[in-house]
Structures are given as structure tokens and as C-alpha cells.
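Each remark here refers to the structure printed beneath this line.
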Amino acid sequence: MVKKRVSRSMVAGLAILTVFVLIAVFAELLMPYSMSELFAPYQKPSAAHLLGTNDIGQDLLSELILGTRVTLLTGTAAAFFIVLIGTAIGVTAGYCGGLTDRLLSALTSVFMAIPPLPFTIVLVTFMRPSIWNIVAAICLTSWTSTARVVRSRVAQLKEQPFIKIEETLGQKKSVIMLRHLLPNISEIVLMRSTLAVASAMLTEASISFMGLGVYNQKSWGSILYYAFRRNGVVANFYWWYIPPILCVSLCIFAFILIGYYGLGTSTQNGYSVES
Amino acid sequence: MENQEQRLGIKRLRLAAGYLLRAVALVFAIISINFILIHLMPGDPVMHILGDEQYFTLYNQFPEKLDEVRAQYSLDGSLLTQYLRYLEQVVTLQFGHSFIGGESVAKTVLFRMKWTALLALSAIAISALLGGALGVLAGYRKGGRLDRALTGLFLFLETIPANCLALILLVIFSYKLHWFPVGGMVSGRLSGWPRVLSVLHHMALPVLVLSLFRTSSNFLLMKSYVSQIRDEDYIVVAVAKGISRRHVLFRHVLKNALVPFVTTICLQVGHILSGSMLIEVVFSWKGMGTLIYDAVNNRDYPTVQMCFLLIAVCVVFFNFVSDMLCMRIDPRIQDGVQHG
């Protein structure tokens, strides 16, 4: 019964995600107009422009489709590096222990004490606006919780007999970490990845809503920023601001379905409710 | 006996000193990060402060003005002297002047802080009570109807970005129904009670949105604490002794669950300055959030930096308070048992 429900939410999440990924990959083919084609600004939805046009006359549907790629790319790239850094630090700290552990844990708690969103905003403000800088800023602030979770799991695992045996046999530390510890935390890592994508997308949406997005590569958050800033919300052009909201929510929902319901119920250790 | 008490006191003192040391080290680290940010930038930091256009105008016409700016922001001399001077400025609260309008950054920021705190503290108070109460009820009967309904609702809420929900509510209740003002904090030229009522009217929607999200996380937290404690042996014993359910809930379950809950709320208070950033922007509430938003859009670096510094120090301070609180309430920590 429980198992069935788990797989169902996983399938639902994957289905939603597949649609978005396909849109992102084939964006150019699906876009009715290119972004360089300009029409009359502030048009209402019509047969020619299903979602109308924005403040400078670009087609909003095309913008939304291209935004899928920017948003997904930023979210997944950030999540990839978050998990990579977090896992590397977590495994090293958890397995090596001693001074290494204390140094890495201190580093983790320094970064944990810095409020993530303001720090990301400050970083992006000071860097030249580009997708990769946004990715870097998100990574720098949110690898900590993954490192914590992985570290405590690894610290438990290293007391297990199969690791002790390898140690007695004189196996190299790096081999133990990569070949023996890593496969055993793969479930946690996988779950952290999906949740990391969700939170990275949320962060990206927030910082581009603050106006820090890249101008010619608009994500869903940037579309919302322009709708808000260029009076789209005041004039209630709902075809302008509702679609990006729906897309962001649906996408995050899909990742949470996969990570929390799909994978989360099988490993209790990976997810903890954070304030 | 006395000896033991004394030992406990020393242990406590040592622990507190450790927490304090950590807090000071963190503040130091944050100030340093702020310093590094300016200097890691490629090119002349003065260019980032002034913006490209103004920099090149000055560079071509008044090069000596450029040195003045450099001196004003302590950007001359070796990196070490610059760093020491920067530390001195931060400690003496000299944050320079905003590029936009030229007002003292510290004055603006302190004014904005009050309004943000008003918004955030109300939201924290409402959500702590509401989320806590609902969490206790749901956690005590885990898997019950209330639990399933609320957990579903709140998990669904987590998928909507806060600024999106705020936008939708703004359109419905302010633009369409005209129940609430479109933005701002108070209608002009009012004093006394009408002014208070006007402020309350203005903050209703932003506080609602903030409270919803906070309640959601507080609920999930309290639920997990209560449902864990509920399975402990001493609760089973209490029930087996025939103690009334209400008594068990309030005296045995709640009392234990409150310890971690209160410290979490304390941690939330640390985020009062930054937690409502996006909501403030949507409702044009003139607090820290809109200040950062405007500063970012105008590339007003001194303001951005001071805001970040203040936000971070606030977080660190309340982390420290929460640690101390935890130590006072929970005697287990004094015995050297760390958890979390």
C-alpha cells in the first residue's frame, strides 16, 4: 500500500519534469517567435500571441519557453555543484575525523551562520551578471546542509565492520571513501540532489525577482520581475505574471514529489525539517 | 554537594564562553567576507563603487577626485592597512554615504530596520502560536485526519515561492476587492490611534503571507517533535498510570517539546531583518528588503554592504542567544551531551 503510493508520486513527479525538460531542450523548435522579433508592446493574448507581448513587444509564450531552459539549467547546475561540494566535504570530514573534521566542520558552521539569501544577493550584486555567476553564488551559500547530513551518516558508517575490514587490509583512504562509503550513501545523495534542485530554483527565482537576473537570458523569475517592475501587475495583465508563477510552482512541486515522497520515505536519515 | 554545584557552574561558564567566542569569530568572519568581496573584484574597486560611467568621467577629467574617493573608502595603502582601517570603520559604525541621495547609510538603515522588525515580529508571534498549537494536535494523533489534511496543505504551500503568493494576494485583495491598501505602510498625516489602525491595515496582507509560510514550517517542526516524544517510554508509562490525556499532553509531551521549539523560534527572530525581503518588495513596505532591492537596482554598494553586515550579525547574535537559552532550559547540555 505504502510502496504503491510512493512510486505513484514518483511517477507523477517524473512525468511533470519530463515535460519541462523536453520544453527546455527543444525550446527553439517550440518557440513561436524568436526573442529578437519585436511587436506592439503590452498586447493581450490573441491567436497570434497566445500569452500576449511584454513591455518591449517580445512574445511572452516564447519568453516563457526559453525561460524554462534558463531556470532548469541554473537549478540543476547549482544543485549538481551543491551536492558535489557538500558530499566531498561531508565524506572527508566524516571519514577522516580528527583535525580535518574539526576544520571542515568549523567551515561548515561559518557558512551555515551566514543568512543564505542576502549573501547570495550580495555576491551576485558584486559579480558581473551571468548565469554561471548566479550558479556560483547559490552554491557558495547552500552546500552546508548536505555536508552536515553526509558527514553524520559517514561517521556512522565508518564504524561498520566492512569498513574496518578494509582498513585492516591496508586499503587506501581514498579508495575506501570513493568505492566503499560513497555507494552506501548514494540514496541520501540522490535525495539531497532533487531537494537541492528545488531549493536552488527557489533561490534563483528570488534573486531574479530582486532584479539580479541576466537581461538577455530571462528565467521565470526575471519574467516576473519585469512584469512587476513594468506595471504588468498593477495593470493586472494576468497572462504576463501568472504563467511564470505556475511554472515555478509546478516544477518545484515535481522535484519535491520525487525527492520527498519518492525517495524520502525509504531513507529516514536524509531529510530533516529545517526552519 | 556544594562542590558539585560549583563544578556545574564552571562547566556552564566554560560552555557560555565557548558560545561567545564562536559568535565573535563568526562576526569577524562576516566582516572579513565583506572586505574580501570588494577586493576580489577584477579591476579597480573604485570603479565598482562609482559605476563605470562616472569612473571614466572622473578618470579623464578629475583624477584627483578619484583619489579622494579612494581615501574616503579607505582603498589606498597596502591591503593590510586597508583591512585594519575597514575593521576600525565597522567597529565605529562608519558606513559612509549612499551614492543615491548622499544620505548617511547608517541613518537610513536604522530607520528601515524598525519597520521590518515590526512586520517580522508580528509574523513570528502569530506563526509560533498557530504553528505550534496545530503541530501539537497533529503530532499527538499522527496519521489522523487533522494531521493528514494540514500536512498536505502545508507541504503544498512550500512549493509556492513566497513572492508569488504575495503577488497573487496583492492582486486579489488590493487591486480587485480593494479591501487592503496597495502598498506602503501608513496613510499620510495621521497621528495617535488612527495612525496605528492605518499601519495595522497596511501590514495585514504582508503579515498574512509571512505568517502562512512561517506557520507551515513551525507546524512541521512541532509535529515531528511531539510525535517523537509521544513514542517515548515515559509517555507510555504516564498513560498506563491512568493520568488523564490532557495532563499527559500538557505536562509530559508539551513541556519536553517546547524546549527545542522555543530555541527554533529564537533562531527565527535572528532572521527578522532578512526573512521578509521579497514580501516587502511586493507590498512596497519601506523596510530592509525594499532598501536592498533599491540598492541592488541602483548598484548602491555601501548600502548593500551595511544591510548584509547587519543582517548577518543579527543572525549570529540570536544564534548565540538561542544557544544560551538552550543551555539554561535543558540540563542535559550542561553534562556535555550535545545534540543537533
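Ligands are numbered from 1 in the order shown, chains are lettered A, B, ... in the order of the C-alpha cells, and residues start at 1 in each chain.
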Interface, chain A side, toward chain B (7 Å; only C-alpha atoms) as a ChimeraX atom specification: /A:110,113-115,118-119,122,125,202,210-211,245,249,252-253,273,275
Enumerate the residues of stretch 21-265 of chain A with a DSSP assignment of alpha helix (DSSP H), computed from the backbone, and present them as an MDAnalysis selection string. chainID A and resid 21:25 27:30 60:96 98:113 116:126 131:142 144:157 161:168 173:175 182:184 186:207 220:229 238:256
re atom CA of A:Val189 and atom CA of A:Asp101: distance 19.6 Å
Surrounding residues of A:Thr53 excluding itself and chain neighbours under 6 positions, 9 Å, only C-alpha atoms, as a list in words: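 Counting only the stated atoms, we get Leu38, Phe39, Ala40, Pro41, Tyr42, Gln43, Lys44, Pro45, Asp59, Leu60, Leu61 and Trp240 of chain A.
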Dump all heavy atoms for the selected residues as an mmCIF file, in the first residue's frame?
data_model
loop_
_atom_site.group_PDB
_atom_site.id
_atom_site.type_symbol
_atom_site.label_atom_id
_atom_site.label_comp_id
_atom_site.auth_asym_id
_atom_site.auth_seq_id
_atom_site.Cartn_x
_atom_site.Cartn_y
_atom_site.Cartn_z
ATOM 1 N N LEU A 38 10.278 41.879 -32.602
ATOM 2 C CA LEU A 38 9.529 42.788 -31.728
ATOM 3 C C LEU A 38 8.180 43.141 -32.343
ATOM 4 O O LEU A 38 8.073 43.376 -33.540
ATOM 5 C CB LEU A 38 10.334 44.065 -31.480
ATOM 6 C CG LEU A 38 11.689 43.863 -30.794
ATOM 7 C CD1 LEU A 38 12.385 45.196 -30.592
ATOM 8 C CD2 LEU A 38 11.529 43.143 -29.472
ATOM 9 N N PHE A 39 7.138 43.145 -31.478
ATOM 10 C CA PHE A 39 5.796 43.502 -31.934
ATOM 11 C C PHE A 39 5.312 44.683 -31.098
ATOM 12 O O PHE A 39 6.073 45.258 -30.315
ATOM 13 C CB PHE A 39 4.852 42.304 -31.755
ATOM 14 C CG PHE A 39 5.367 41.065 -32.407
ATOM 15 C CD1 PHE A 39 6.149 40.154 -31.700
ATOM 16 C CD2 PHE A 39 5.098 40.820 -33.747
ATOM 17 C CE1 PHE A 39 6.640 39.021 -32.318
ATOM 18 C CE2 PHE A 39 5.588 39.682 -34.364
ATOM 19 C CZ PHE A 39 6.364 38.780 -33.646
ATOM 20 N N ALA A 40 4.039 45.030 -31.246
ATOM 21 C CA ALA A 40 3.485 46.099 -30.412
ATOM 22 C C ALA A 40 3.550 45.652 -28.952
ATOM 23 O O ALA A 40 3.197 44.517 -28.649
ATOM 24 C CB ALA A 40 2.047 46.376 -30.808
ATOM 25 N N PRO A 41 4.018 46.529 -28.047
ATOM 26 C CA PRO A 41 4.130 46.131 -26.641
ATOM 27 C C PRO A 41 2.775 46.022 -25.941
ATOM 28 O O PRO A 41 1.787 46.577 -26.415
ATOM 29 C CB PRO A 41 4.972 47.246 -26.025
ATOM 30 C CG PRO A 41 4.775 48.409 -26.913
ATOM 31 C CD PRO A 41 4.542 47.881 -28.277
ATOM 32 N N TYR A 42 2.763 45.350 -24.819
ATOM 33 C CA TYR A 42 1.588 45.189 -23.931
ATOM 34 C C TYR A 42 0.347 44.679 -24.674
ATOM 35 O O TYR A 42 -0.751 45.156 -24.455
ATOM 36 C CB TYR A 42 1.237 46.533 -23.262
ATOM 37 C CG TYR A 42 2.320 47.068 -22.358
ATOM 38 C CD1 TYR A 42 2.980 48.250 -22.668
ATOM 39 C CD2 TYR A 42 2.656 46.397 -21.177
ATOM 40 C CE1 TYR A 42 3.967 48.752 -21.837
ATOM 41 C CE2 TYR A 42 3.645 46.903 -20.343
ATOM 42 C CZ TYR A 42 4.295 48.076 -20.674
ATOM 43 O OH TYR A 42 5.265 48.569 -19.845
ATOM 44 N N GLN A 43 0.522 43.690 -25.564
ATOM 45 C CA GLN A 43 -0.655 43.140 -26.238
ATOM 46 C C GLN A 43 -1.346 42.122 -25.367
ATOM 47 O O GLN A 43 -0.705 41.406 -24.602
ATOM 48 C CB GLN A 43 -0.230 42.461 -27.545
ATOM 49 C CG GLN A 43 -0.002 43.402 -28.681
ATOM 50 C CD GLN A 43 0.252 42.644 -29.966
ATOM 51 O OE1 GLN A 43 -0.576 41.842 -30.378
ATOM 52 N NE2 GLN A 43 1.398 42.880 -30.575
ATOM 53 N N LYS A 44 -2.679 42.034 -25.526
ATOM 54 C CA LYS A 44 -3.439 40.999 -24.816
ATOM 55 C C LYS A 44 -3.265 39.672 -25.557
ATOM 56 O O LYS A 44 -2.867 39.666 -26.723
ATOM 57 C CB LYS A 44 -4.913 41.386 -24.783
ATOM 58 C CG LYS A 44 -5.170 42.481 -23.787
ATOM 59 C CD LYS A 44 -6.640 42.748 -23.639
ATOM 60 C CE LYS A 44 -6.789 43.785 -22.556
ATOM 61 N NZ LYS A 44 -8.032 44.464 -22.531
ATOM 62 N N PRO A 45 -3.576 38.548 -24.878
ATOM 63 C CA PRO A 45 -3.485 37.260 -25.568
ATOM 64 C C PRO A 45 -4.374 37.236 -26.802
ATOM 65 O O PRO A 45 -5.487 37.745 -26.780
ATOM 66 C CB PRO A 45 -4.000 36.264 -24.522
ATOM 67 C CG PRO A 45 -3.772 36.919 -23.230
ATOM 68 C CD PRO A 45 -3.916 38.386 -23.462
ATOM 69 N N ASP A 59 7.298 38.298 -27.645
ATOM 70 C CA ASP A 59 6.211 37.344 -27.434
ATOM 71 C C ASP A 59 6.408 36.645 -26.081
ATOM 72 O O ASP A 59 7.468 36.074 -25.822
ATOM 73 C CB ASP A 59 6.204 36.320 -28.562
ATOM 74 C CG ASP A 59 5.077 35.329 -28.412
ATOM 75 O OD1 ASP A 59 3.917 35.774 -28.372
ATOM 76 O OD2 ASP A 59 5.357 34.121 -28.302
ATOM 77 N N LEU A 60 5.381 36.691 -25.214
ATOM 78 C CA LEU A 60 5.555 36.159 -23.858
ATOM 79 C C LEU A 60 5.642 34.649 -23.810
ATOM 80 O O LEU A 60 6.351 34.086 -22.978
ATOM 81 C CB LEU A 60 4.420 36.658 -22.955
ATOM 82 C CG LEU A 60 4.651 38.057 -22.379
ATOM 83 C CD1 LEU A 60 3.413 38.574 -21.701
ATOM 84 C CD2 LEU A 60 5.811 38.028 -21.396
ATOM 85 N N LEU A 61 4.913 33.963 -24.717
ATOM 86 C CA LEU A 61 4.981 32.500 -24.724
ATOM 87 C C LEU A 61 6.405 32.048 -25.061
ATOM 88 O O LEU A 61 6.966 31.161 -24.418
ATOM 89 C CB LEU A 61 3.979 31.923 -25.725
ATOM 90 C CG LEU A 61 3.948 30.400 -25.816
ATOM 91 C CD1 LEU A 61 3.544 29.792 -24.478
ATOM 92 C CD2 LEU A 61 2.994 29.931 -26.902
ATOM 93 N N TRP A 240 0.620 37.766 -18.104
ATOM 94 C CA TRP A 240 2.059 38.045 -18.017
ATOM 95 C C TRP A 240 2.652 37.429 -16.752
ATOM 96 O O TRP A 240 3.682 36.763 -16.787
ATOM 97 C CB TRP A 240 2.276 39.563 -18.028
ATOM 98 C CG TRP A 240 3.700 39.990 -18.244
ATOM 99 C CD1 TRP A 240 4.804 39.197 -18.320
ATOM 100 C CD2 TRP A 240 4.157 41.323 -18.410
ATOM 101 N NE1 TRP A 240 5.924 39.956 -18.524
ATOM 102 C CE2 TRP A 240 5.551 41.270 -18.583
ATOM 103 C CE3 TRP A 240 3.524 42.584 -18.430
ATOM 104 C CZ2 TRP A 240 6.329 42.414 -18.769
ATOM 105 C CZ3 TRP A 240 4.298 43.713 -18.619
ATOM 106 C CH2 TRP A 240 5.695 43.630 -18.795
#
Write out as number ranges by chain the residues lying within 8 Å of A:Trp220, counting only C-alpha atoms and excluding same-chain residues fewer than 4 positions away. A: 64, 67-68, 71, 205, 224, 244-245, 247-248
Quick one: residues within 10 Å of A:Ala137, only C-alpha atoms, excluding same-chain residues fewer than 5 positions away - as a count of residues only? 14
Can you pull out every residue within 9 Å of stretch 56-72 of chain B, counting only C-alpha atoms, but drop anything in the same chain fewer than 6 positions away, and send it as a ChimeraX atom specification? /B:45-47,50,96
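For stretch 30-37 of chain A, the list of residues within 10 Å, based on only C-alpha atoms and with local chain neighbours fewer than 5 positions off taken out, reads Leu22, Ile23, Ala24, Val25, Ala48, His49, Leu50, Gly57, Gln58, Asp59, Leu60, Leu61, Ser62, Glu63, Leu64, Ile65, Leu66, Asn216 and Gln217 of chain A.
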Could you go through stretch 33-269 of chain A and tell me which residues DSSP, when run on the backbone, assigns to strand (DSSP E or B), listing them as a PyMOL selection string? chain A and resi 53+59+214+217
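Note that atom CA of A:Phe80 and atom CA of A:Ser193 are 7.0 Å apart.
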